file input_29.csv (CSV, C-alpha atoms)
chain,number,residue,atom,x,y,z
A,29,MET,CA,-106.8,123.1,159.3
A,30,ILE,CA,-104.1,122.5,156.8
A,31,GLU,CA,-103.1,125.2,154.3
A,32,ARG,CA,-103.5,124.0,150.8
A,33,GLN,CA,-100.2,125.4,149.5
A,34,ARG,CA,-98.2,123.8,152.4
A,35,PHE,CA,-99.9,120.5,151.8
A,36,GLU,CA,-99.1,120.6,148.1
A,37,GLU,CA,-95.5,121.4,148.9
A,38,ASP,CA,-95.3,118.4,151.2
A,39,VAL,CA,-96.8,116.2,148.5
A,40,ASP,CA,-94.3,117.4,145.9
A,41,ALA,CA,-91.4,116.8,148.3
A,42,LEU,CA,-92.8,113.3,149.0
A,43,MET,CA,-93.1,112.6,145.3
A,44,GLU,CA,-89.6,113.7,144.7
A,45,ALA,CA,-88.3,111.5,147.6
A,46,LEU,CA,-90.2,108.5,146.2
A,47,ARG,CA,-88.5,109.1,142.8
A,48,ALA,CA,-85.0,109.6,144.3
A,49,ARG,CA,-85.0,106.8,146.8
A,50,LEU,CA,-87.1,104.1,145.0
A,51,GLY,CA,-87.0,105.2,141.4
A,52,VAL,CA,-90.8,105.2,141.1
A,53,ARG,CA,-92.4,107.5,138.6
A,54,GLY,CA,-95.9,108.7,137.9
A,55,LYS,CA,-97.8,111.9,137.6
A,56,ARG,CA,-99.8,111.6,140.9
A,57,LEU,CA,-98.9,110.6,144.4
A,58,ARG,CA,-101.4,107.7,144.3
A,59,THR,CA,-99.5,106.2,141.3
A,60,ARG,CA,-96.1,106.5,142.9
A,61,LEU,CA,-97.2,105.0,146.2
A,62,ARG,CA,-98.9,102.1,144.3
A,63,ARG,CA,-95.8,101.5,142.3
A,64,ALA,CA,-93.6,101.6,145.4
A,65,GLY,CA,-95.7,98.8,146.8
A,66,ARG,CA,-93.9,96.5,149.2
A,67,ARG,CA,-90.7,98.3,148.9
A,68,LEU,CA,-92.1,100.5,151.6
A,69,PRO,CA,-92.6,99.2,155.1
A,70,ARG,CA,-96.2,98.5,156.3
A,71,HIS,CA,-96.4,101.6,158.5
A,72,ALA,CA,-95.2,103.8,155.6
A,73,ARG,CA,-97.9,102.3,153.3
A,74,ARG,CA,-100.5,103.1,156.0
A,75,ALA,CA,-99.1,106.6,156.3
A,76,GLY,CA,-99.4,106.9,152.5
A,77,GLN,CA,-103.0,106.0,152.7
A,78,VAL,CA,-103.5,108.8,155.3
A,79,VAL,CA,-101.9,111.3,153.0
A,80,LEU,CA,-104.0,110.1,150.0
A,81,GLY,CA,-107.2,110.4,152.1
A,82,ALA,CA,-106.2,113.9,153.0
A,83,GLU,CA,-105.5,114.7,149.4
A,84,ARG,CA,-109.0,113.6,148.4
A,85,MET,CA,-110.5,115.7,151.2
A,86,MET,CA,-108.5,118.8,150.2
A,87,ASP,CA,-110.5,119.3,147.1
A,88,HIS,CA,-113.8,119.6,149.0
A,89,PRO,CA,-114.2,122.9,151.0
A,90,ARG,CA,-116.2,121.4,153.9
A,91,LEU,CA,-114.2,118.2,154.1
A,92,ARG,CA,-111.0,120.1,154.2
A,93,LEU,CA,-112.0,121.4,157.6
A,94,ARG,CA,-112.2,117.8,158.9
A,95,ILE,CA,-108.6,116.9,158.1
A,96,ASP,CA,-106.6,116.1,161.2
A,97,ALA,CA,-103.5,118.2,160.6
A,98,GLN,CA,-101.4,116.4,163.2
A,99,GLU,CA,-102.2,113.0,161.8
A,100,VAL,CA,-101.3,114.2,158.3
A,101,SER,CA,-98.0,115.8,159.3
A,102,ALA,CA,-97.1,112.6,161.3
A,103,ALA,CA,-97.9,110.6,158.2
A,104,PHE,CA,-95.6,112.8,156.1
A,105,ALA,CA,-92.9,112.6,158.8
A,106,ASP,CA,-93.2,108.8,158.8
A,107,LEU,CA,-93.0,108.5,155.1
A,108,HIS,CA,-90.0,110.8,154.9
A,109,ALA,CA,-88.2,108.8,157.7
A,110,SER,CA,-88.9,105.5,155.9
A,111,LEU,CA,-87.6,106.9,152.6
A,112,ALA,CA,-84.5,108.4,154.3
A,113,ALA,CA,-83.6,104.9,155.6
A,114,ILE,CA,-83.5,103.5,152.1
A,115,ASP,CA,-80.2,103.7,150.3
A,116,PRO,CA,-80.7,103.6,146.5
A,117,ARG,CA,-77.1,102.4,145.8
A,118,GLU,CA,-77.5,99.5,148.4
A,119,ARG,CA,-80.9,98.6,146.9
A,120,ARG,CA,-79.4,98.3,143.4
A,121,LYS,CA,-76.4,96.3,144.7
A,122,ASP,CA,-78.8,93.9,146.5
A,123,ALA,CA,-80.8,93.4,143.3
A,124,ALA,CA,-77.7,92.7,141.2
A,125,LEU,CA,-76.4,90.2,143.8
A,126,GLY,CA,-79.8,88.5,143.9
A,127,ILE,CA,-79.7,88.1,140.1
A,128,ALA,CA,-76.1,86.9,140.2
A,129,GLY,CA,-76.9,84.4,142.9
A,130,GLY,CA,-79.8,83.0,140.9
A,131,ILE,CA,-77.6,82.6,137.9
A,132,VAL,CA,-74.9,80.8,139.9
A,133,LEU,CA,-77.4,78.5,141.5
A,134,ASN,CA,-78.8,77.6,138.0
A,135,LEU,CA,-75.3,76.9,136.7
A,136,MET,CA,-74.5,74.7,139.6
A,137,LEU,CA,-77.7,72.7,139.0
A,138,VAL,CA,-77.0,72.3,135.3
A,139,GLY,CA,-73.4,71.2,136.1
A,140,ALA,CA,-74.7,68.6,138.6
A,141,ALA,CA,-77.2,67.4,136.0
A,142,VAL,CA,-74.4,67.0,133.4
A,143,VAL,CA,-72.2,65.1,135.9
A,144,GLY,CA,-75.2,62.9,136.8
A,145,VAL,CA,-75.9,62.1,133.2
A,146,LEU,CA,-72.2,61.3,132.5
A,147,VAL,CA,-72.1,59.0,135.6
A,148,TRP,CA,-75.4,57.3,134.6
A,149,ARG,CA,-74.2,56.7,131.0
A,150,GLY,CA,-70.9,55.3,132.3
A,151,LEU,CA,-68.7,57.9,130.7
A,152,VAL,CA,-67.0,58.9,133.9
call {"tool": "encode", "arguments": {"input": "input_29.csv", "output": "structure tokens"}}
result
Amino acid sequence: MIERQRFEEDVDALMEALRARLGVRGKRLRTRLRRAGRRLPRHARRAGQVVLGAERMMDHPRLRLRIDAQEVSAAFADLHASLAAIDPRERRKDAALGIAGGIVLNLMLVGAAVVGVLVWRGLV
């Protein structure tokens, strides 16, 4: 059986890690995991579903007894390990480089189109 207070502390720590590593915000864990989406690996998303299922069962006195403590603690460990592997600075840098690469590609295409039009019109 999982202690309610320990479970809530683990959920709070997980919510803080999601905010710190991925920048997702929300009042509930379900919201933060949904907003994290594909930024989390598949096994971490599955672990998140295990934690969410346990969170739903925590509110019911009889269902709380059916929660597999080892499975839930493994899910927390998996989520924390996945989040620890994410570097927020590197993620921001990759996003900026992706945007810059898209802009450069578009400028190259526009330049090629301008040169093509100039050649077609006989100006070059």
call {"tool": "atom_distance", "arguments": {"input": "input_29.csv", "atom1": "CA of Arg70 (chain A)", "atom2": "CA of Asp115 (chain A)"}}
result
17.9 Å
call {"tool": "atom_distance", "arguments": {"input": "input_29.csv", "atom1": "CA of Arg58 (chain A)", "atom2": "CA of Arg120 (chain A)"}}
result
23.9 Å
call {"tool": "closest_residue", "arguments": {"input": "input_29.csv", "among": "A:Ala41, A:Ala82, A:Val152, A:Leu111", "to": "Glu99 (chain A)", "atoms": "all atoms listed in the file"}}
result
A:Ala82
call {"tool": "closest_residue", "arguments": {"input": "input_29.csv", "among": "A:Val52, A:Gln77, A:Leu68, A:Leu93", "to": "Ile30 (chain A)", "atoms": "all atoms listed in the file"}}
result
A:Leu93
call {"tool": "atom_distance", "arguments": {"input": "input_29.csv", "atom1": "CA of Leu50 (chain A)", "atom2": "CA of Gln33 (chain A)"}}
result
25.4 Å
call {"tool": "residues_around", "arguments": {"input": "input_29.csv", "residues": "Ala64 (chain A)", "least_positions_apart": "2", "cutoff": "9 Å", "atoms": "all atoms listed in the file", "output": "short mmCIF file (atom, residue, chain, number, x, y, z; two decimals) with C-alpha atoms, in the frame of the given file"}}
result
data_model
loop_
_atom_site.label_atom_id
_atom_site.label_comp_id
_atom_site.auth_asym_id
_atom_site.auth_seq_id
_atom_site.Cartn_x
_atom_site.Cartn_y
_atom_site.Cartn_z
CA LEU A 46 -90.20 108.50 146.20
CA LEU A 50 -87.10 104.10 145.00
CA GLY A 51 -87.00 105.20 141.40
CA VAL A 52 -90.80 105.20 141.10
CA THR A 59 -99.50 106.20 141.30
CA ARG A 60 -96.10 106.50 142.90
CA LEU A 61 -97.20 105.00 146.20
CA ARG A 62 -98.90 102.10 144.30
CA ARG A 66 -93.90 96.50 149.20
CA ARG A 67 -90.70 98.30 148.90
CA LEU A 68 -92.10 100.50 151.60
#
call {"tool": "decode", "arguments": {"input": "input_29.csv", "residues": "chain A", "atoms": "C-alpha atoms", "output": "CSV table (one decimal), in the first residue's frame"}}
result
chain,number,residue,atom,x,y,z
A,29,MET,CA,0.0,0.0,0.0
A,30,ILE,CA,1.2,3.5,-0.8
A,31,GLU,CA,1.1,6.2,1.8
A,32,ARG,CA,-1.0,9.1,0.5
A,33,GLN,CA,1.4,11.8,1.7
A,34,ARG,CA,4.4,10.1,0.1
A,35,PHE,CA,2.5,9.7,-3.1
A,36,GLU,CA,1.5,13.4,-3.2
A,37,GLU,CA,5.1,14.4,-2.5
A,38,ASP,CA,6.3,12.3,-5.4
A,39,VAL,CA,3.6,13.9,-7.7
A,40,ASP,CA,4.6,17.4,-6.6
A,41,ALA,CA,8.3,16.6,-7.3
A,42,LEU,CA,7.3,15.2,-10.7
A,43,MET,CA,5.2,18.2,-11.5
A,44,GLU,CA,8.2,20.5,-10.6
A,45,ALA,CA,10.5,18.4,-12.8
A,46,LEU,CA,8.1,18.7,-15.7
A,47,ARG,CA,8.0,22.5,-15.3
A,48,ALA,CA,11.8,22.8,-14.9
A,49,ARG,CA,12.9,20.4,-17.7
A,50,LEU,CA,10.1,20.9,-20.3
A,51,GLY,CA,8.5,24.2,-19.3
A,52,VAL,CA,5.0,22.8,-19.1
A,53,ARG,CA,2.6,24.4,-16.8
A,54,GLY,CA,-0.7,23.4,-15.4
A,55,LYS,CA,-2.5,22.9,-12.1
A,56,ARG,CA,-2.8,19.1,-12.3
A,57,LEU,CA,-0.4,16.3,-13.2
A,58,ARG,CA,-2.7,15.2,-16.0
A,59,THR,CA,-2.5,18.6,-17.6
A,60,ARG,CA,1.2,18.8,-17.4
A,61,LEU,CA,1.7,15.3,-18.9
A,62,ARG,CA,-0.7,16.0,-21.7
A,63,ARG,CA,1.1,19.2,-22.5
A,64,ALA,CA,4.5,17.5,-22.4
A,65,GLY,CA,3.1,15.1,-25.1
A,66,ARG,CA,5.7,13.7,-27.5
A,67,ARG,CA,8.5,15.6,-25.8
A,68,LEU,CA,8.6,12.6,-23.5
A,69,PRO,CA,9.7,9.2,-24.7
A,70,ARG,CA,7.1,6.5,-25.2
A,71,HIS,CA,8.1,4.6,-22.1
A,72,ALA,CA,7.9,7.8,-20.0
A,73,ARG,CA,4.4,8.5,-21.4
A,74,ARG,CA,3.3,5.0,-20.4
A,75,ALA,CA,4.8,5.5,-16.9
A,76,GLY,CA,2.8,8.8,-16.7
A,77,GLN,CA,-0.4,6.8,-17.4
A,78,VAL,CA,0.5,4.4,-14.6
A,79,VAL,CA,0.9,7.3,-12.2
A,80,LEU,CA,-2.3,9.0,-13.4
A,81,GLY,CA,-4.2,5.7,-12.8
A,82,ALA,CA,-2.8,5.4,-9.3
A,83,GLU,CA,-3.7,9.0,-8.7
A,84,ARG,CA,-7.3,8.3,-9.6
A,85,MET,CA,-7.3,5.2,-7.4
A,86,MET,CA,-5.9,7.1,-4.4
A,87,ASP,CA,-9.1,9.0,-3.9
A,88,HIS,CA,-11.1,5.8,-3.3
A,89,PRO,CA,-10.5,4.0,0.0
A,90,ARG,CA,-10.9,0.4,-1.3
A,91,LEU,CA,-9.2,1.0,-4.6
A,92,ARG,CA,-6.2,2.5,-2.8
A,93,LEU,CA,-5.4,-1.0,-1.5
A,94,ARG,CA,-5.2,-2.4,-5.0
A,95,ILE,CA,-2.4,0.0,-6.1
A,96,ASP,CA,0.8,-1.8,-7.0
A,97,ALA,CA,3.4,0.2,-5.0
A,98,GLN,CA,6.3,-1.3,-6.9
A,99,GLU,CA,4.8,-0.5,-10.3
A,100,VAL,CA,4.0,3.1,-9.2
A,101,SER,CA,7.5,3.7,-7.8
A,102,ALA,CA,9.1,2.2,-10.9
A,103,ALA,CA,6.9,4.6,-13.0
A,104,PHE,CA,8.1,7.6,-10.9
A,105,ALA,CA,11.7,6.5,-11.3
A,106,ASP,CA,11.3,6.1,-15.0
A,107,LEU,CA,9.7,9.5,-15.4
A,108,HIS,CA,12.4,11.1,-13.3
A,109,ALA,CA,15.2,9.4,-15.2
A,110,SER,CA,13.7,10.5,-18.6
A,111,LEU,CA,13.3,14.0,-17.4
A,112,ALA,CA,16.8,14.1,-16.0
A,113,ALA,CA,18.2,13.2,-19.4
A,114,ILE,CA,16.5,16.3,-20.9
A,115,ASP,CA,18.7,19.4,-21.0
A,116,PRO,CA,16.5,22.5,-21.2
A,117,ARG,CA,19.3,24.7,-22.6
A,118,GLU,CA,20.0,22.2,-25.3
A,119,ARG,CA,16.3,21.9,-26.1
A,120,ARG,CA,16.0,25.7,-26.5
A,121,LYS,CA,19.1,25.8,-28.6
A,122,ASP,CA,17.8,23.0,-30.9
A,123,ALA,CA,14.5,24.9,-31.3
A,124,ALA,CA,16.3,28.1,-32.3
A,125,LEU,CA,18.6,26.3,-34.7
A,126,GLY,CA,15.5,24.6,-36.3
A,127,ILE,CA,13.8,28.0,-36.8
A,128,ALA,CA,17.0,29.5,-38.2
A,129,GLY,CA,17.5,26.6,-40.6
A,130,GLY,CA,13.9,27.0,-41.9
A,131,ILE,CA,14.5,30.7,-42.5
A,132,VAL,CA,17.7,30.1,-44.3
A,133,LEU,CA,16.1,27.4,-46.5
A,134,ASN,CA,13.3,29.8,-47.4
A,135,LEU,CA,15.7,32.6,-48.2
A,136,MET,CA,17.7,30.2,-50.5
A,137,LEU,CA,14.5,29.2,-52.3
A,138,VAL,CA,13.5,32.8,-52.8
A,139,GLY,CA,16.9,33.7,-54.1
A,140,ALA,CA,16.9,30.8,-56.5
A,141,ALA,CA,13.4,31.9,-57.7
A,142,VAL,CA,14.6,35.4,-58.2
A,143,VAL,CA,17.7,34.2,-60.2
A,144,GLY,CA,15.4,31.9,-62.2
A,145,VAL,CA,13.0,34.7,-63.1
A,146,LEU,CA,16.0,37.0,-64.1
A,147,VAL,CA,17.4,34.2,-66.4
A,148,TRP,CA,13.9,33.6,-67.8
A,149,ARG,CA,13.4,37.2,-68.6
A,150,GLY,CA,16.9,37.5,-70.2
A,151,LEU,CA,18.1,40.1,-67.7
A,152,VAL,CA,21.1,38.0,-66.7
